[in-house]
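Asker: Sharing protein_28.tsv below, TSV, C-alpha atoms and all ligand atoms:
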chain	number	residue	atom	x	y	z
P	1	MET	CA	-22.50	-22.00	-11.99
P	2	THR	CA	-18.73	-21.85	-12.35
P	3	VAL	CA	-16.38	-22.07	-9.38
P	4	LYS	CA	-15.37	-18.50	-10.12
P	5	LYS	CA	-18.96	-17.27	-9.87
P	6	LEU	CA	-19.52	-19.27	-6.73
P	7	THR	CA	-16.40	-17.82	-5.10
P	8	TYR	CA	-17.52	-14.36	-6.09
P	9	LEU	CA	-20.99	-14.88	-4.59
P	10	LEU	CA	-19.46	-16.34	-1.45
P	11	THR	CA	-17.23	-13.28	-1.17
P	12	LEU	CA	-20.27	-11.04	-1.53
P	13	VAL	CA	-22.28	-12.94	1.07
P	14	LEU	CA	-19.37	-12.93	3.49
P	15	SER	CA	-18.74	-9.26	2.93
P	16	CYS	CA	-22.33	-8.51	3.97
P	17	PHE	CA	-21.48	-9.77	7.43
P	18	ALA	CA	-18.38	-7.64	7.52
P	19	CYS	CA	-20.09	-4.73	9.14
P	20	LYS	CA	-17.72	-4.37	12.08
P	21	THR	CA	-15.04	-1.97	10.94
P	22	VAL	CA	-13.38	1.06	12.43
P	23	ASP	CA	-15.35	4.30	12.52
P	24	PRO	CA	-13.81	7.11	10.46
P	25	THR	CA	-11.44	9.21	12.55
P	26	PRO	CA	-12.22	12.96	12.77
P	27	GLN	CA	-9.37	15.15	11.54
P	28	ILE	CA	-6.47	14.94	13.95
P	29	ILE	CA	-4.36	17.78	15.31
P	30	LEU	CA	-0.85	16.96	14.17
P	31	GLN	CA	1.58	18.02	16.88
P	32	THR	CA	5.09	18.86	15.78
P	33	THR	CA	7.63	16.55	17.32
P	34	THR	CA	11.03	17.25	18.86
P	35	ILE	CA	12.16	13.68	18.25
P	36	GLN	CA	14.97	13.65	15.68
P	37	LYS	CA	14.88	10.16	14.24
P	38	PRO	CA	11.85	8.05	13.40
P	39	LYS	CA	11.67	4.60	14.89
P	40	ASN	CA	8.93	3.58	12.46
P	41	ILE	CA	8.03	4.44	8.87
P	42	VAL	CA	4.58	3.99	7.38
P	43	LEU	CA	4.64	4.49	3.62
P	44	MET	CA	1.18	4.85	2.09
P	45	ILE	CA	0.80	4.59	-1.67
P	46	GLY	CA	-2.40	5.56	-3.44
P	47	ASP	CA	-1.97	3.77	-6.75
P	48	GLY	CA	-2.86	6.21	-9.53
P	49	MET	CA	-3.23	9.10	-7.06
P	50	GLY	CA	-2.12	12.35	-8.65
P	51	LEU	CA	-2.90	15.92	-7.68
P	52	SER	CA	-6.30	15.88	-9.44
P	53	GLN	CA	-7.29	12.79	-7.47
P	54	VAL	CA	-6.24	14.41	-4.18
P	55	SER	CA	-8.02	17.65	-5.15
P	56	ALA	CA	-11.22	15.77	-5.95
P	57	ALA	CA	-11.06	13.93	-2.62
P	58	ILE	CA	-10.62	17.19	-0.73
P	59	TYR	CA	-13.44	18.97	-2.59
P	60	ASN	CA	-15.77	15.99	-2.29
P	61	GLN	CA	-15.55	15.44	1.46
P	62	LYS	CA	-18.07	17.14	3.72
P	63	THR	CA	-15.59	16.87	6.59
P	64	PRO	CA	-11.89	17.78	6.26
P	65	THR	CA	-9.71	15.05	4.77
P	66	HIS	CA	-6.68	13.64	6.56
P	67	ILE	CA	-4.53	14.08	3.49
P	68	SER	CA	-5.07	17.86	3.60
P	69	ASN	CA	-3.60	17.86	7.09
P	70	PHE	CA	0.08	17.10	6.34
P	71	PRO	CA	2.64	19.78	7.21
P	72	VAL	CA	5.17	18.81	4.50
P	73	VAL	CA	4.46	18.49	0.77
P	74	GLY	CA	6.82	17.65	-2.09
P	75	TYR	CA	6.58	16.40	-5.68
P	76	GLN	CA	8.06	13.33	-7.28
P	77	LYS	CA	8.82	12.73	-10.95
P	78	THR	CA	7.56	9.29	-11.86
P	79	HIS	CA	9.02	8.36	-15.28
P	80	SER	CA	10.49	4.87	-15.55
P	81	PHE	CA	13.92	4.04	-17.02
P	82	ASP	CA	12.87	4.25	-20.64
P	83	ASN	CA	9.32	5.54	-20.59
P	84	LEU	CA	7.87	8.91	-19.61
P	85	ILE	CA	4.79	6.98	-18.46
P	86	THR	CA	5.59	4.54	-15.69
P	87	ASP	CA	3.59	1.48	-14.76
P	88	SER	CA	3.05	0.45	-11.15
P	89	ALA	CA	5.89	-2.09	-11.19
P	90	ALA	CA	8.60	0.38	-12.25
P	91	GLY	CA	7.03	3.11	-10.09
P	92	ALA	CA	7.03	1.05	-6.91
P	93	THR	CA	10.44	-0.46	-7.68
P	94	ALA	CA	11.86	3.09	-7.84
P	95	ILE	CA	10.33	3.98	-4.47
P	96	ALA	CA	11.22	0.64	-2.86
P	97	THR	CA	14.77	0.15	-4.18
P	98	GLY	CA	15.96	3.51	-5.55
P	99	GLN	CA	16.35	2.01	-9.04
P	100	LYS	CA	14.67	3.30	-12.21
P	101	THR	CA	13.76	0.22	-14.19
P	102	ARG	CA	11.67	-0.80	-17.19
P	103	ASN	CA	7.91	-1.04	-16.98
P	104	ASN	CA	6.60	-4.44	-15.81
P	105	VAL	CA	9.80	-5.22	-13.86
P	106	VAL	CA	9.61	-5.86	-10.10
P	107	GLY	CA	12.60	-5.27	-7.80
P	108	LEU	CA	15.25	-5.60	-10.54
P	109	ASP	CA	17.25	-2.97	-12.42
P	110	THR	CA	17.53	-2.66	-16.21
P	111	SER	CA	20.09	-5.50	-16.35
P	112	TYR	CA	17.82	-7.66	-14.20
P	113	GLN	CA	20.11	-7.30	-11.20
P	114	SER	CA	18.27	-7.65	-7.93
P	115	HIS	CA	18.25	-4.72	-5.49
P	116	GLN	CA	17.33	-4.98	-1.85
P	117	SER	CA	14.26	-2.92	-1.02
P	118	ILE	CA	13.89	-0.59	1.94
P	119	LEU	CA	11.52	-3.16	3.45
P	120	GLU	CA	14.10	-5.93	3.06
P	121	GLU	CA	16.78	-3.72	4.58
P	122	ALA	CA	14.46	-2.93	7.48
P	123	GLU	CA	13.84	-6.65	7.96
P	124	GLU	CA	17.59	-7.32	7.86
P	125	ILE	CA	18.39	-4.84	10.64
P	126	GLY	CA	15.65	-6.30	12.83
P	127	LEU	CA	12.73	-3.96	12.27
P	128	GLY	CA	9.22	-5.37	11.97
P	129	THR	CA	7.82	-5.24	8.44
P	130	GLY	CA	4.35	-5.28	6.98
P	131	ILE	CA	2.21	-4.78	3.88
P	132	VAL	CA	-1.49	-3.95	3.59
P	133	THR	CA	-3.11	-3.66	0.17
P	134	THR	CA	-6.48	-3.62	-1.57
P	135	ASP	CA	-4.82	-5.46	-4.47
P	136	ALA	CA	-3.54	-9.03	-4.37
P	137	ILE	CA	-0.50	-9.19	-2.09
P	138	THR	CA	1.35	-10.30	-5.25
P	139	GLY	CA	0.29	-7.14	-7.16
P	140	ALA	CA	3.07	-5.01	-8.67
P	141	THR	CA	3.02	-2.30	-5.99
P	142	PRO	CA	3.35	-4.49	-2.88
P	143	ALA	CA	5.54	-7.02	-4.74
P	144	SER	CA	8.18	-4.37	-5.47
P	145	PHE	CA	8.94	-4.25	-1.74
P	146	TYR	CA	9.75	-7.96	-1.36
P	147	ALA	CA	10.00	-9.65	-4.79
P	148	HIS	CA	12.53	-9.66	-7.61
P	149	GLN	CA	10.98	-10.83	-10.87
P	150	LYS	CA	11.29	-9.89	-14.54
P	151	LEU	CA	7.54	-9.58	-15.03
P	152	ARG	CA	4.85	-8.34	-12.67
P	153	ILE	CA	2.46	-11.04	-13.86
P	154	MET	CA	4.67	-13.85	-12.50
P	155	PHE	CA	2.36	-14.08	-9.50
P	156	GLU	CA	3.36	-17.57	-8.38
P	157	HIS	CA	7.06	-16.64	-8.41
P	158	ILE	CA	6.23	-13.45	-6.52
P	159	ALA	CA	4.34	-15.53	-3.94
P	160	GLU	CA	7.50	-17.61	-3.42
P	161	ASP	CA	9.44	-14.40	-2.82
P	162	LEU	CA	6.93	-13.43	-0.11
P	163	LEU	CA	7.64	-16.72	1.63
P	164	LYS	CA	11.35	-15.85	1.67
P	165	SER	CA	10.85	-12.24	2.75
P	166	GLY	CA	10.30	-12.61	6.48
P	167	ILE	CA	7.49	-9.98	6.37
P	168	ASP	CA	5.78	-10.03	9.77
P	169	PHE	CA	2.29	-8.82	8.85
P	170	PHE	CA	0.43	-8.84	5.58
P	171	VAL	CA	-3.15	-8.34	4.43
P	172	GLY	CA	-4.22	-8.51	0.78
P	173	GLY	CA	-5.76	-10.67	-1.92
P	174	GLY	CA	-4.06	-13.36	-4.00
P	175	LYS	CA	-4.80	-16.48	-1.92
P	176	THR	CA	-4.84	-18.62	-5.07
P	177	TYR	CA	-1.15	-17.93	-5.85
P	178	PHE	CA	-0.28	-19.59	-2.56
P	179	ASP	CA	-2.60	-22.58	-2.28
P	180	ASN	CA	-3.88	-23.35	-5.77
P	181	ARG	CA	-0.69	-23.22	-7.79
P	182	GLU	CA	0.36	-24.70	-11.09
P	183	ASP	CA	3.38	-26.33	-9.42
P	184	GLU	CA	1.01	-27.75	-6.79
P	185	ARG	CA	3.17	-26.50	-3.93
P	186	ASN	CA	1.16	-25.31	-0.94
P	187	LEU	CA	2.70	-22.04	0.20
P	188	HIS	CA	-0.09	-21.52	2.69
P	189	ALA	CA	1.26	-24.53	4.62
P	190	ALA	CA	4.83	-23.35	4.01
P	191	LEU	CA	4.00	-19.99	5.60
P	192	GLU	CA	2.56	-21.79	8.63
P	193	ASP	CA	5.74	-23.86	8.87
P	194	LYS	CA	7.61	-20.56	9.09
P	195	GLY	CA	5.56	-19.54	12.11
P	196	TYR	CA	2.82	-17.51	10.47
P	197	ILE	CA	-0.77	-17.61	11.54
P	198	ILE	CA	-2.58	-17.49	8.20
P	199	SER	CA	-6.25	-16.81	7.72
P	200	ASP	CA	-8.48	-15.71	4.86
P	201	PHE	CA	-11.84	-14.29	3.80
P	202	ILE	CA	-13.43	-17.73	3.62
P	203	GLN	CA	-12.49	-18.70	7.17
P	204	GLU	CA	-13.26	-15.50	9.05
P	205	GLU	CA	-13.59	-11.74	8.92
P	206	LEU	CA	-10.41	-9.82	9.64
P	207	SER	CA	-12.29	-7.79	12.28
P	208	ARG	CA	-12.96	-10.95	14.28
P	209	ILE	CA	-9.29	-11.87	14.59
P	210	ASN	CA	-7.51	-11.18	17.85
P	211	LEU	CA	-3.83	-10.66	17.06
P	212	ASN	CA	-2.63	-10.48	20.64
P	213	HIS	CA	-0.90	-13.83	20.68
P	214	TYR	CA	0.60	-13.92	17.20
P	215	SER	CA	4.07	-12.91	16.14
P	216	LYS	CA	3.68	-13.32	12.36
P	217	PHE	CA	0.35	-12.88	10.64
P	218	GLY	CA	-1.02	-13.08	7.10
P	219	TYR	CA	-4.58	-12.64	5.87
P	220	PHE	CA	-5.87	-13.23	2.35
P	221	SER	CA	-8.80	-10.93	1.61
P	222	ALA	CA	-9.64	-12.51	-1.76
P	223	ASN	CA	-8.68	-15.36	-4.06
P	224	LYS	CA	-7.25	-12.92	-6.57
P	225	LYS	CA	-8.28	-9.26	-6.55
P	226	PRO	CA	-10.21	-7.92	-3.54
P	227	LEU	CA	-13.63	-6.35	-4.06
P	228	PRO	CA	-14.10	-2.63	-4.61
P	229	LYS	CA	-15.21	-0.64	-1.56
P	230	ASN	CA	-18.67	-0.06	-3.03
P	231	ARG	CA	-19.21	-3.79	-3.45
P	232	GLY	CA	-18.54	-4.58	0.19
P	233	ARG	CA	-14.78	-4.41	0.89
P	234	THR	CA	-14.30	-2.95	4.35
P	235	TYR	CA	-10.84	-3.84	5.57
P	236	LEU	CA	-8.39	-1.12	4.48
P	237	PRO	CA	-8.67	1.30	7.46
P	238	LEU	CA	-9.03	-1.63	9.87
P	239	ALA	CA	-6.02	-3.52	8.49
P	240	SER	CA	-3.97	-0.31	8.59
P	241	LYS	CA	-4.84	0.15	12.26
P	242	MET	CA	-4.12	-3.50	13.01
P	243	GLY	CA	-0.84	-3.28	11.09
P	244	VAL	CA	0.65	-0.36	13.03
P	245	GLU	CA	-0.53	-1.72	16.38
P	246	PHE	CA	0.64	-5.27	15.67
P	247	LEU	CA	4.07	-4.22	14.43
P	248	ASP	CA	4.48	-1.74	17.28
P	249	ARG	CA	3.71	-4.42	19.85
P	250	TYR	CA	6.19	-6.98	18.55
P	251	ASN	CA	9.11	-4.83	17.49
P	252	GLU	CA	11.10	-2.89	20.07
P	253	ALA	CA	13.45	-1.67	17.34
P	254	GLY	CA	10.66	-0.19	15.21
P	255	PHE	CA	8.93	-1.15	11.96
P	256	PHE	CA	8.43	-0.42	8.29
P	257	LEU	CA	4.87	-0.76	6.95
P	258	VAL	CA	3.61	-0.21	3.40
P	259	ILE	CA	-0.11	0.45	2.85
P	260	GLU	CA	-1.52	0.56	-0.67
P	261	GLY	CA	-4.86	1.97	-1.82
P	262	ALA	CA	-4.71	-0.01	-5.06
P	263	GLN	CA	-8.12	0.57	-6.52
P	264	ILE	CA	-7.84	4.34	-6.92
P	265	ASP	CA	-5.90	3.26	-10.02
P	266	TRP	CA	-8.47	0.68	-11.12
P	267	ALA	CA	-11.35	3.16	-10.81
P	268	CYS	CA	-9.47	5.74	-12.87
P	269	HIS	CA	-8.53	3.17	-15.54
P	270	ALA	CA	-12.26	2.42	-15.73
P	271	ASN	CA	-13.00	6.20	-15.83
P	272	GLN	CA	-15.57	5.78	-13.06
P	273	PRO	CA	-15.81	8.86	-10.76
P	274	ARG	CA	-18.08	7.22	-8.15
P	275	TYR	CA	-15.85	4.14	-7.78
P	276	PHE	CA	-12.82	6.44	-7.58
P	277	LEU	CA	-14.32	8.71	-4.89
P	278	ASP	CA	-15.23	5.70	-2.72
P	279	GLU	CA	-11.71	4.31	-3.03
P	280	ILE	CA	-9.87	7.53	-2.24
P	281	LYS	CA	-12.17	8.16	0.72
P	282	ASP	CA	-11.38	4.70	2.03
P	283	PHE	CA	-7.67	5.39	1.58
P	284	ASP	CA	-8.07	8.71	3.43
P	285	ASN	CA	-9.74	6.86	6.30
P	286	ALA	CA	-6.72	4.53	6.40
P	287	ILE	CA	-4.49	7.65	6.56
P	288	GLY	CA	-6.57	8.78	9.55
P	289	GLU	CA	-5.90	5.51	11.37
P	290	VAL	CA	-2.17	5.79	10.74
P	291	LEU	CA	-2.01	9.46	11.80
P	292	LYS	CA	-3.91	8.64	14.99
P	293	PHE	CA	-1.21	6.11	15.82
P	294	ALA	CA	1.63	8.44	14.75
P	295	VAL	CA	0.40	11.31	16.94
P	296	ARG	CA	0.25	8.99	19.92
P	297	ASP	CA	3.56	7.29	19.15
P	298	LYS	CA	5.58	10.43	18.24
P	299	GLU	CA	8.35	8.34	16.63
P	300	THR	CA	6.62	7.44	13.38
P	301	LEU	CA	7.34	9.04	10.02
P	302	VAL	CA	4.23	8.86	7.81
P	303	ILE	CA	4.68	9.35	4.06
P	304	VAL	CA	1.70	9.42	1.68
P	305	THR	CA	2.18	9.47	-2.08
P	306	GLY	CA	1.16	7.81	-5.36
P	307	ASP	CA	3.17	5.93	-7.96
P	308	HIS	CA	1.73	7.81	-10.98
P	309	GLU	CA	-1.49	9.49	-12.04
P	310	THR	CA	-4.18	7.45	-13.80
P	311	GLY	CA	-6.84	8.55	-16.24
P	312	GLY	CA	-5.67	12.12	-16.88
P	313	MET	CA	-8.36	13.22	-14.49
P	314	ALA	CA	-9.77	16.71	-14.91
P	315	ILE	CA	-12.06	18.61	-12.56
P	316	ASN	CA	-14.33	20.40	-15.02
P	317	PRO	CA	-16.84	23.23	-14.59
P	318	ALA	CA	-20.03	22.07	-12.91
P	319	SER	CA	-23.35	23.78	-12.33
P	320	LYS	CA	-22.81	24.27	-8.60
P	321	LEU	CA	-19.75	25.05	-6.51
P	322	LYS	CA	-20.16	21.95	-4.41
P	323	LYS	CA	-20.82	19.60	-7.32
P	324	LEU	CA	-17.84	17.76	-8.72
P	325	LYS	CA	-17.64	17.02	-12.43
P	326	LEU	CA	-14.79	14.58	-12.89
P	327	GLU	CA	-13.72	13.66	-16.39
P	328	PHE	CA	-10.93	11.55	-17.78
P	329	THR	CA	-8.77	12.10	-20.83
P	330	LEU	CA	-7.62	8.48	-21.22
P	331	ARG	CA	-7.73	5.01	-19.71
P	332	ASP	CA	-4.03	4.78	-18.92
P	333	HIS	CA	-1.40	6.41	-16.69
P	334	THR	CA	-0.03	9.91	-17.25
P	335	ALA	CA	3.32	11.55	-16.49
P	336	THR	CA	2.17	14.40	-14.22
P	337	MET	CA	4.21	14.86	-11.05
P	338	ILE	CA	2.83	13.23	-7.94
P	339	PRO	CA	2.49	14.92	-4.54
P	340	VAL	CA	4.30	13.48	-1.52
P	341	TYR	CA	2.97	14.25	1.96
P	342	ALA	CA	4.95	13.69	5.15
P	343	TYR	CA	4.48	13.98	8.89
P	344	GLY	CA	6.65	13.03	11.85
P	345	PRO	CA	10.40	12.94	12.58
P	346	LYS	CA	12.44	13.75	9.42
P	347	ALA	CA	9.30	14.72	7.46
P	348	GLU	CA	11.12	17.84	6.20
P	349	LEU	CA	13.30	15.60	3.98
P	350	PHE	CA	10.30	15.28	1.68
P	351	ASN	CA	10.05	18.97	0.76
P	352	GLY	CA	10.93	19.91	-2.82
P	353	ILE	CA	10.85	18.32	-6.27
P	354	TYR	CA	12.74	15.09	-6.84
P	355	GLU	CA	12.76	11.75	-8.65
P	356	ASN	CA	10.66	8.87	-7.30
P	357	THR	CA	13.95	7.06	-6.56
P	358	ALA	CA	14.82	9.82	-4.06
P	359	ILE	CA	12.00	8.60	-1.80
P	360	TYR	CA	14.00	5.42	-1.20
P	361	HIS	CA	17.11	7.44	-0.29
P	362	LYS	CA	15.16	9.82	1.93
P	363	MET	CA	13.59	6.90	3.85
P	364	ARG	CA	17.06	5.35	4.31
P	365	GLU	CA	18.40	8.69	5.50
P	366	ALA	CA	15.52	9.03	7.95
P	367	LEU	CA	16.23	5.58	9.39
P	368	GLU	CA	19.99	6.33	9.32
P	369	LEU	CA	20.56	3.26	7.18
P	370	GLU	CA	23.28	5.08	5.21
P	371	ARG	CA	25.33	5.28	8.37
P	372	LEU	CA	24.69	1.62	9.19
P	373	SER	CA	25.66	0.32	5.75
P	374	SER	CA	28.84	2.42	5.55
P	375	SER	CA	29.97	1.26	9.00
P	376	LYS	CA	29.49	-2.42	8.13
P	401	MG	MG	-0.88	-1.17	-7.30
P	402	ZN	ZN	-2.71	1.43	-13.44
Write the structure described by the file as structure tokens, please.
Answerer:
Amino acid sequence: MTVKKLTYLLTLVLSCFACKTVDPTPQIILQTTTIQKPKNIVLMIGDGMGLSQVSAAIYNQKTPTHISNFPVVGYQKTHSFDNLITDSAAGATAIATGQKTRNNVVGLDTSYQSHQSILEEAEEIGLGTGIVTTDAITGATPASFYAHQKLRIMFEHIAEDLLKSGIDFFVGGGKTYFDNREDERNLHAALEDKGYIISDFIQEELSRINLNHYSKFGYFSANKKPLPKNRGRTYLPLASKMGVEFLDRYNEAGFFLVIEGAQIDWACHANQPRYFLDEIKDFDNAIGEVLKFAVRDKETLVIVTGDHETGGMAINPASKLKKLKLEFTLRDHTATMIPVYAYGPKAELFNGIYENTAIYHKMREALELERLSSSK
């Protein structure tokens, strides 16, 4: 048996004991708020989540979805700098930095100039910052918020950028890019030297960790890519809940948290409806956890969107009203516009049709970063 197989089996065995998770939240009544400026932003990205994906999730659920609950809806145009069809690197770079770039590029513009992301700006002005993903933490979507690299596959370089980022809370796969590297550096130890408490799927379940005494926390949920939901992954709603509560506790000034449902994209690339429905439901449960916090907190702007559509998903005629027949037209991304949902102070900024880069500017406007940077 190879090491890879052994690790996989170990992950499976461990995941079987991972039964303690959060129970799905019933649909929440979203109160309108009189507070003018958000203290916190939670940006949730369903990778590959277009309107067909959201429609399918809404039709498929027996109980109302959280995503159907948002008071503000807009549309973003997702094309990259030179391609009508974006990839996740250019898509997330646009949202994170306001720059349209070439596909495969992370956090750099078309001349490979580095641009500070909204997360890095938040970190710089003293907000707490966090990332939760069902991809590796070094995957293109999360990486675009803290890394600056010419190619999304430069995982070890991206891991070094995470070390420099100052991110306060992260949960995702990609352990191997930190502690089993070609350059033999041990970034796991380097993170601990910087004051992080680091744990992983081999040591303990995320649900068993008490975060009360930590100020910086990182958890690796897999060596490389985390498992699909239907093969035992359970942490997305839990990590989302832990993320908002952890960052809220340690950051008087507020926080910026990114949460990615990465495998909606993978399921649609694979043209697998069942895998897709499990992933989007899991992501919707994570939305429920965040909305529960936001309703209580009243100062949190929640934005839910995708980076592009994947699979050219169609909802085709089925024999019964309640039966979903999902079909795909390809195994790649498409250029359809992507819905943007918002709730909380300054949510109304997200009405309308705009470029993906506008999301960056709208988040800055909401946090009044424009005013801060011009008064510097
Ligand atoms: Mg992604
Ligand atoms: Zn994709």
Asker: Let me have all residues with an atom within 12 Å of ligand ZN 402 (chain P), counting all atoms listed in the file, laid out as a PyMOL selection string.
Answerer: chain P and resi 46-50+85-92+103-104+135+139-141+261-271+306-312+330-334
Asker: For atom CA of P:Glu120 and atom CA of P:Met363, determine how far apart the two atoms are, in Å to one decimal place.
Answerer: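 Going from atom CA of P:Glu120 over to atom CA of P:Met363, I get 12.9 Å.
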Asker: What gap, in Å, lies between atom CA of P:Ala294 and atom CA of P:Pro345?
Answerer: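 A separation of 10.1 Å between them.
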Asker: Which is closer to ligand MG 401 (chain P) than all the others in P:Val258, P:Ala314, P:Met154, P:Val244, using all atoms listed in the file?
Answerer: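 Looking only at the distances to ligand MG 401 (chain P), the closest residue turns out to be P:Val258.
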Asker: When you look at stretch 58-60 of chain P with a cut-off of 10 Å (counting all atoms listed in the file), what residues show up, excluding the ones that are within fewer than 4 positions of it in the same chain? I need them as a tab-separated table (two decimals) with C-alpha atoms, in the coordinates of the input.
Answerer:
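File written: around31.tsv
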chain	number	residue	atom	x	y	z
P	52	SER	CA	-6.30	15.88	-9.44
P	53	GLN	CA	-7.29	12.79	-7.47
P	54	VAL	CA	-6.24	14.41	-4.18
P	64	PRO	CA	-11.89	17.78	6.26
P	65	THR	CA	-9.71	15.05	4.77
P	66	HIS	CA	-6.68	13.64	6.56
P	67	ILE	CA	-4.53	14.08	3.49
P	68	SER	CA	-5.07	17.86	3.60
P	277	LEU	CA	-14.32	8.71	-4.89
P	280	ILE	CA	-9.87	7.53	-2.24
P	281	LYS	CA	-12.17	8.16	0.72
P	284	ASP	CA	-8.07	8.71	3.43
P	321	LEU	CA	-19.75	25.05	-6.51
P	322	LYS	CA	-20.16	21.95	-4.41
P	323	LYS	CA	-20.82	19.60	-7.32
P	324	LEU	CA	-17.84	17.76	-8.72
